[in-house]
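Enquirer: I am sharing query-v7.json, which consists of JSON, C-alpha atoms:
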[["chain", "number", "residue", "atom", "x", "y", "z"],
["A", 1, "GLU", "CA", 23.51, 2.94, -12.17],
["A", 2, "LEU", "CA", 21.35, 2.22, -9.14],
["A", 3, "HIS", "CA", 19.16, 5.20, -10.04],
["A", 4, "TYR", "CA", 18.14, 3.80, -13.45],
["A", 5, "ASP", "CA", 14.52, 2.74, -13.82],
["A", 6, "LEU", "CA", 14.79, -0.85, -15.03],
["A", 7, "SER", "CA", 11.12, -1.72, -14.52],
["A", 8, "TRP", "CA", 9.03, -3.19, -17.33],
["A", 9, "ARG", "CA", 8.70, -0.57, -20.05],
["A", 10, "ALA", "CA", 4.88, -0.58, -20.16],
["A", 11, "PHE", "CA", 4.70, 0.08, -16.39],
["A", 12, "ARG", "CA", 6.80, 3.27, -16.80],
["A", 13, "GLY", "CA", 4.70, 4.97, -19.45],
["A", 14, "PRO", "CA", 3.18, 4.76, -22.93],
["A", 15, "VAL", "CA", 4.65, 2.22, -25.31],
["A", 16, "HIS", "CA", 5.24, 2.99, -29.00],
["A", 17, "PRO", "CA", 2.29, 1.55, -31.02],
["A", 18, "GLY", "CA", 4.71, -0.48, -33.13],
["A", 19, "MET", "CA", 5.93, -2.45, -30.10],
["A", 20, "THR", "CA", 3.05, -4.92, -30.19],
["A", 21, "GLU", "CA", 4.98, -7.60, -28.29],
["A", 22, "ILE", "CA", 5.36, -5.27, -25.28],
["A", 23, "ALA", "CA", 1.62, -4.55, -25.23],
["A", 24, "TRP", "CA", 0.77, -8.26, -25.62],
["A", 25, "LEU", "CA", 3.10, -9.37, -22.82],
["A", 26, "THR", "CA", 1.81, -6.63, -20.50],
["A", 27, "ALA", "CA", -1.79, -7.74, -21.03],
["A", 28, "HIS", "CA", -1.03, -11.46, -20.70],
["A", 29, "ALA", "CA", 1.76, -11.65, -18.10],
["A", 30, "ASP", "CA", 0.95, -14.23, -15.44],
["A", 31, "ALA", "CA", 3.70, -13.15, -13.00],
["A", 32, "ILE", "CA", 5.46, -10.02, -11.75],
["A", 33, "GLU", "CA", 8.84, -10.04, -10.00],
["A", 34, "THR", "CA", 7.86, -8.32, -6.76],
["A", 35, "TRP", "CA", 11.11, -9.06, -4.91],
["A", 36, "ASN", "CA", 14.69, -9.07, -6.13],
["A", 37, "GLU", "CA", 17.34, -10.02, -3.58],
["A", 38, "SER", "CA", 20.00, -7.69, -4.98],
["A", 39, "VAL", "CA", 17.71, -4.70, -5.40],
["A", 40, "GLY", "CA", 16.22, -5.09, -1.93],
["A", 41, "HIS", "CA", 19.46, -5.69, -0.07],
["A", 42, "VAL", "CA", 21.64, -3.20, -1.94],
["A", 43, "ARG", "CA", 19.67, -0.37, -3.52],
["A", 44, "ASP", "CA", 16.67, -0.20, -1.20],
["A", 45, "ARG", "CA", 18.53, -0.82, 2.06],
["A", 46, "TYR", "CA", 21.63, 1.32, 1.50],
["A", 47, "PHE", "CA", 20.52, 3.96, -1.01],
["A", 48, "LEU", "CA", 16.85, 4.43, -0.09],
["A", 49, "ASP", "CA", 17.14, 3.41, 3.58],
["A", 50, "ASP", "CA", 13.94, 1.40, 3.08],
["A", 51, "PRO", "CA", 14.53, -2.34, 2.44],
["A", 52, "GLY", "CA", 10.84, -2.97, 1.71],
["A", 53, "TRP", "CA", 10.38, -0.23, -0.91],
["A", 54, "GLU", "CA", 10.58, -2.42, -4.04],
["A", 55, "MET", "CA", 8.29, -5.13, -2.67],
["A", 56, "ARG", "CA", 5.68, -2.61, -1.52],
["A", 57, "GLN", "CA", 5.58, -0.80, -4.85],
["A", 58, "THR", "CA", 5.49, -3.92, -7.03],
["A", 59, "SER", "CA", 2.92, -5.65, -4.81],
["A", 60, "HIS", "CA", 0.62, -2.63, -5.13],
["A", 61, "LEU", "CA", 1.06, -2.84, -8.91],
["A", 62, "LEU", "CA", 0.21, -6.56, -8.83],
["A", 63, "ASP", "CA", -2.94, -5.88, -6.77],
["A", 64, "ARG", "CA", -4.09, -3.19, -9.20],
["A", 65, "LEU", "CA", -3.46, -5.24, -12.36],
["A", 66, "ALA", "CA", -5.02, -8.40, -10.88],
["A", 67, "ARG", "CA", -8.29, -6.56, -10.13],
["A", 68, "GLY", "CA", -8.52, -5.46, -13.75],
["A", 69, "THR", "CA", -9.09, -2.06, -15.28],
["A", 70, "ALA", "CA", -11.86, -0.32, -17.16],
["A", 71, "THR", "CA", -10.70, -2.11, -20.33],
["A", 72, "GLU", "CA", -9.21, -5.35, -18.93],
["A", 73, "ALA", "CA", -10.88, -8.14, -16.96],
["A", 74, "PRO", "CA", -9.46, -9.31, -13.61],
["A", 75, "ARG", "CA", -6.80, -12.00, -13.97],
["A", 76, "LYS", "CA", -4.53, -14.13, -11.85],
["A", 77, "ILE", "CA", -1.01, -12.74, -11.53],
["A", 78, "ALA", "CA", 1.64, -14.48, -9.45],
["A", 79, "SER", "CA", 4.11, -12.73, -7.21],
["A", 80, "VAL", "CA", 7.59, -14.14, -7.91],
["A", 81, "GLY", "CA", 11.09, -13.31, -6.73],
["A", 82, "GLY", "CA", 14.55, -13.19, -8.23],
["A", 83, "SER", "CA", 17.93, -13.62, -6.59],
["A", 84, "ASP", "CA", 20.47, -12.66, -9.26],
["A", 85, "SER", "CA", 22.72, -15.30, -7.66],
["A", 86, "HIS", "CA", 25.37, -16.32, -10.16],
["A", 87, "GLY", "CA", 27.73, -18.28, -7.89],
["A", 88, "ASP", "CA", 27.75, -21.82, -6.59],
["A", 89, "TRP", "CA", 24.82, -21.24, -4.24],
["A", 90, "LEU", "CA", 21.26, -19.98, -4.62],
["A", 91, "ARG", "CA", 18.94, -18.03, -2.36],
["A", 92, "PRO", "CA", 15.28, -19.01, -2.58],
["A", 93, "THR", "CA", 13.02, -16.07, -3.35],
["A", 94, "THR", "CA", 9.81, -17.77, -4.54],
["A", 95, "TRP", "CA", 7.78, -20.48, -2.82],
["A", 96, "VAL", "CA", 4.97, -22.33, -4.57],
["A", 97, "LEU", "CA", 1.91, -24.27, -3.38],
["A", 98, "ALA", "CA", 2.38, -27.02, -5.97],
["A", 99, "LYS", "CA", 0.18, -30.12, -6.09],
["A", 100, "GLU", "CA", 3.16, -32.24, -7.16],
["A", 101, "LYS", "CA", 6.96, -32.01, -7.15],
["A", 102, "SER", "CA", 7.53, -31.72, -10.87],
["A", 103, "ALA", "CA", 8.26, -29.03, -13.43],
["A", 104, "ALA", "CA", 4.63, -29.21, -14.58],
["A", 105, "GLY", "CA", 3.38, -28.92, -10.99],
["A", 106, "ILE", "CA", 5.53, -25.87, -10.31],
["A", 107, "ARG", "CA", 4.51, -24.21, -13.57],
["A", 108, "ASP", "CA", 0.84, -24.87, -12.78],
["A", 109, "ALA", "CA", 1.26, -23.27, -9.33],
["A", 110, "ILE", "CA", 2.85, -20.15, -10.83],
["A", 111, "VAL", "CA", 0.22, -19.81, -13.57],
["A", 112, "ASN", "CA", -2.48, -20.08, -10.89],
["A", 113, "ALA", "CA", -0.77, -17.49, -8.63],
["A", 114, "ARG", "CA", -0.17, -19.99, -5.83],
["A", 115, "THR", "CA", 3.10, -18.34, -4.81],
["A", 116, "CYS", "CA", 4.83, -16.32, -2.11],
["A", 117, "THR", "CA", 7.99, -14.23, -2.27],
["A", 118, "ARG", "CA", 10.84, -13.57, 0.14],
["A", 119, "ALA", "CA", 9.50, -16.00, 2.80],
["A", 120, "PRO", "CA", 7.33, -19.13, 2.83],
["A", 121, "GLU", "CA", 5.06, -18.21, 5.77],
["A", 122, "PRO", "CA", 2.67, -15.95, 3.80],
["A", 123, "CYS", "CA", 1.62, -19.06, 1.84],
["A", 124, "THR", "CA", -0.28, -20.14, 4.97],
["A", 125, "LEU", "CA", -2.92, -17.49, 4.12],
["A", 126, "GLU", "CA", -6.43, -18.92, 3.93],
["A", 127, "ALA", "CA", -9.73, -17.11, 3.53],
["A", 128, "ARG", "CA", -13.39, -18.01, 3.49],
["A", 129, "GLY", "CA", -16.35, -16.19, 2.00],
["A", 130, "ASP", "CA", -19.56, -18.13, 1.46],
["A", 131, "GLY", "CA", -17.86, -21.53, 1.10],
["A", 132, "ALA", "CA", -14.86, -23.52, 2.24],
["A", 133, "LEU", "CA", -11.46, -22.09, 3.12],
["A", 134, "ALA", "CA", -9.40, -21.13, 0.10],
["A", 135, "ASN", "CA", -5.64, -20.86, -0.38],
["A", 136, "VAL", "CA", -3.37, -18.33, -2.06],
["A", 137, "GLY", "CA", -4.31, -18.04, -5.74],
["A", 138, "ASP", "CA", -7.88, -19.25, -5.20],
["A", 139, "ALA", "CA", -11.09, -17.30, -5.78],
["A", 140, "ILE", "CA", -13.90, -16.87, -3.25],
["A", 141, "VAL", "CA", -17.32, -15.23, -3.22],
["A", 142, "SER", "CA", -18.86, -13.28, -0.37],
["A", 143, "ALA", "CA", -22.53, -12.43, -0.80],
["A", 144, "ASN", "CA", -22.64, -10.81, 2.66],
["A", 145, "HIS", "CA", -19.53, -8.66, 1.90],
["A", 146, "ARG", "CA", -17.52, -10.12, 4.78],
["A", 147, "ILE", "CA", -14.70, -12.66, 4.70],
["A", 148, "GLU", "CA", -12.70, -14.53, 7.31],
["A", 149, "ALA", "CA", -8.91, -14.64, 6.86],
["A", 150, "ARG", "CA", -6.28, -16.56, 8.80],
["A", 151, "ALA", "CA", -2.60, -17.43, 8.70],
["A", 152, "ALA", "CA", -0.25, -19.68, 10.69],
["A", 153, "ALA", "CA", 1.40, -16.64, 12.33],
["A", 154, "SER", "CA", 0.62, -12.99, 12.96],
["A", 155, "ALA", "CA", 0.22, -11.36, 9.55],
["A", 156, "ARG", "CA", -0.59, -8.07, 7.92],
["A", 157, "PHE", "CA", -3.73, -8.74, 5.89],
["A", 158, "ILE", "CA", -3.75, -6.49, 2.84],
["A", 159, "LEU", "CA", -6.97, -5.84, 0.94],
["A", 160, "ASN", "CA", -6.56, -3.99, -2.38],
["A", 161, "GLY", "CA", -3.16, -2.67, -1.30],
["A", 162, "GLU", "CA", -4.26, -1.42, 2.14],
["A", 163, "VAL", "CA", -3.45, -3.05, 5.48],
["A", 164, "VAL", "CA", -6.84, -3.93, 7.04],
["A", 165, "ALA", "CA", -5.75, -6.09, 9.99],
["A", 166, "GLU", "CA", -2.66, -7.35, 11.82],
["A", 167, "SER", "CA", -3.29, -10.67, 13.54],
["A", 168, "ASP", "CA", -3.31, -14.41, 12.84],
["A", 169, "HIS", "CA", -7.01, -14.23, 11.97],
["A", 170, "ALA", "CA", -9.43, -11.45, 11.04],
["A", 171, "ALA", "CA", -12.95, -10.71, 9.85],
["A", 172, "ILE", "CA", -12.69, -8.33, 6.92],
["A", 173, "ASP", "CA", -15.38, -6.28, 5.21],
["A", 174, "VAL", "CA", -15.29, -6.27, 1.41],
["A", 175, "SER", "CA", -17.11, -4.08, -1.08],
["A", 176, "GLY", "CA", -18.64, -6.67, -3.40],
["A", 177, "ARG", "CA", -16.36, -5.44, -6.20],
["A", 178, "CYS", "CA", -13.35, -7.50, -7.28],
["A", 179, "SER", "CA", -10.78, -7.39, -4.47],
["A", 180, "THR", "CA", -7.40, -8.95, -3.75],
["A", 181, "LEU", "CA", -6.38, -10.21, -0.30],
["A", 182, "ARG", "CA", -2.71, -10.84, 0.48],
["A", 183, "ALA", "CA", -0.73, -11.62, 3.64],
["A", 184, "GLU", "CA", 2.68, -10.33, 4.69],
["A", 185, "ILE", "CA", 4.65, -12.33, 7.29],
["A", 186, "ASN", "CA", 8.38, -12.20, 8.13],
["A", 187, "ASP", "CA", 9.10, -9.68, 5.34],
["A", 188, "GLY", "CA", 7.49, -12.01, 2.80],
["A", 189, "SER", "CA", 4.31, -11.54, 0.80],
["A", 190, "SER", "CA", 1.75, -13.87, -0.74],
["A", 191, "SER", "CA", 0.07, -13.68, -4.08],
["A", 192, "PRO", "CA", -3.62, -12.75, -3.73],
["A", 193, "ILE", "CA", -6.74, -14.63, -2.89],
["A", 194, "TYR", "CA", -9.37, -13.19, -5.28],
["A", 195, "VAL", "CA", -12.62, -12.02, -3.69],
["A", 196, "ASP", "CA", -15.75, -11.46, -5.80],
["A", 197, "CYS", "CA", -13.79, -11.31, -9.05],
["A", 198, "PRO", "CA", -15.95, -12.35, -12.01],
["A", 199, "GLY", "CA", -14.27, -14.77, -14.37],
["A", 200, "ILE", "CA", -11.62, -15.93, -11.88],
["A", 201, "THR", "CA", -12.13, -19.45, -10.61],
["A", 202, "GLY", "CA", -10.20, -22.08, -8.69]]
Using structure tokens, write down the structure that the file contains.
Expert:
Amino acid sequence: ELHYDLSWRAFRGPVHPGMTEIAWLTAHADAIETWNESVGHVRDRYFLDDPGWEMRQTSHLLDRLARGTATEAPRKIASVGGSDSHGDWLRPTTWVLAKEKSAAGIRDAIVNARTCTRAPEPCTLEARGDGALANVGDAIVSANHRIEARAAASARFILNGEVVAESDHAAIDVSGRCSTLRAEINDGSSSPIYVDCPGITG
């Protein structure tokens, strides 16, 4: 059973034209589960001997979808986690940068991709282009194709799915095309900061 591909149907291959709800949800999803406690600790650790496999693969998918495609505009997509805890205790898997402690505040943070999975430290990611420092889920512009990134601890800074620096701060060259910048700290990962992505604000 651990070998079954349980990923979202549209990510595995073509969807039957009659399944319009699958196509609509794929094009409008505002979150992807990039970390699942059970999958990471059981399947990936013991069967694949690589406890970070699921998070790496799904985070790369999130980066690609967030930047848009030839037919779809860039859009904010939040990284979220799942625990599959069904007992009397829960394990946190998603952290949010909410403006208020309420259901509406948490929902707003998820919709605006102000989230981190597996650990809270990646949510300390900040980046600056031509203006002020921005947080996870925000959009920045860099006319000179260079951004400054920083975090509260040593991080892997990931630009468009590739590690570009490992430090608590870095100057990073960007292409001028829509890019995503994430941070990984303590096995956790942030949602992106969007760099030069037309149509994405905030």
Enquirer: List the spatial neighbours of A:His145 as a VMD selection string - criterion: any atom at most 9 Å away, all atoms listed in the file, same-chain residues fewer than 4 positions off excluded.
Expert: chain A and resid 129 141 172 to 176
Enquirer: My list of candidates is A:Leu25, A:Ile77, A:Ile158, A:Ala170. Which is closest to A:Leu62 when distances are computed with only C-alpha atoms?
Expert: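 The shortest atom-to-atom distance to A:Leu62 comes from A:Ile77.
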Enquirer: Name the residues in contact with A:Pro92 at a cut-off of 10 Å, using only C-alpha atoms, excluding same-chain residues fewer than 6 positions from it; report them as a ChimeraX atom specification.
Expert: /A:37,81-83,85,117-120
Enquirer: To one decimal in Å, tell me the separation between atom CA of A:Asp44 and atom CA of A:Thr58.
Expert: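 Answer for the atom CA of A:Asp44 to atom CA of A:Thr58 separation: 13.1 Å.
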Enquirer: Please, what distance in Å, to one decimal, runs between atom CA of A:Asp30 and atom CA of A:Ala149?
Expert: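 Separating atom CA of A:Asp30 from atom CA of A:Ala149 is a distance of 24.4 Å.
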Enquirer: Pick out the residues sitting within 10 Å of A:Thr26, and hand them over as an MDAnalysis selection string; count all atoms listed in the file, and ignore anything fewer than 5 positions along from it in its own chain.
Expert: chainID A and resid 8:11 20:21 65
Enquirer: Restricting the calculation to all atoms listed in the file: of A:Gly18, A:Gly13, A:Pro198, A:Gly161, which residue gets closest to A:Arg64?
Expert: A:Gly161
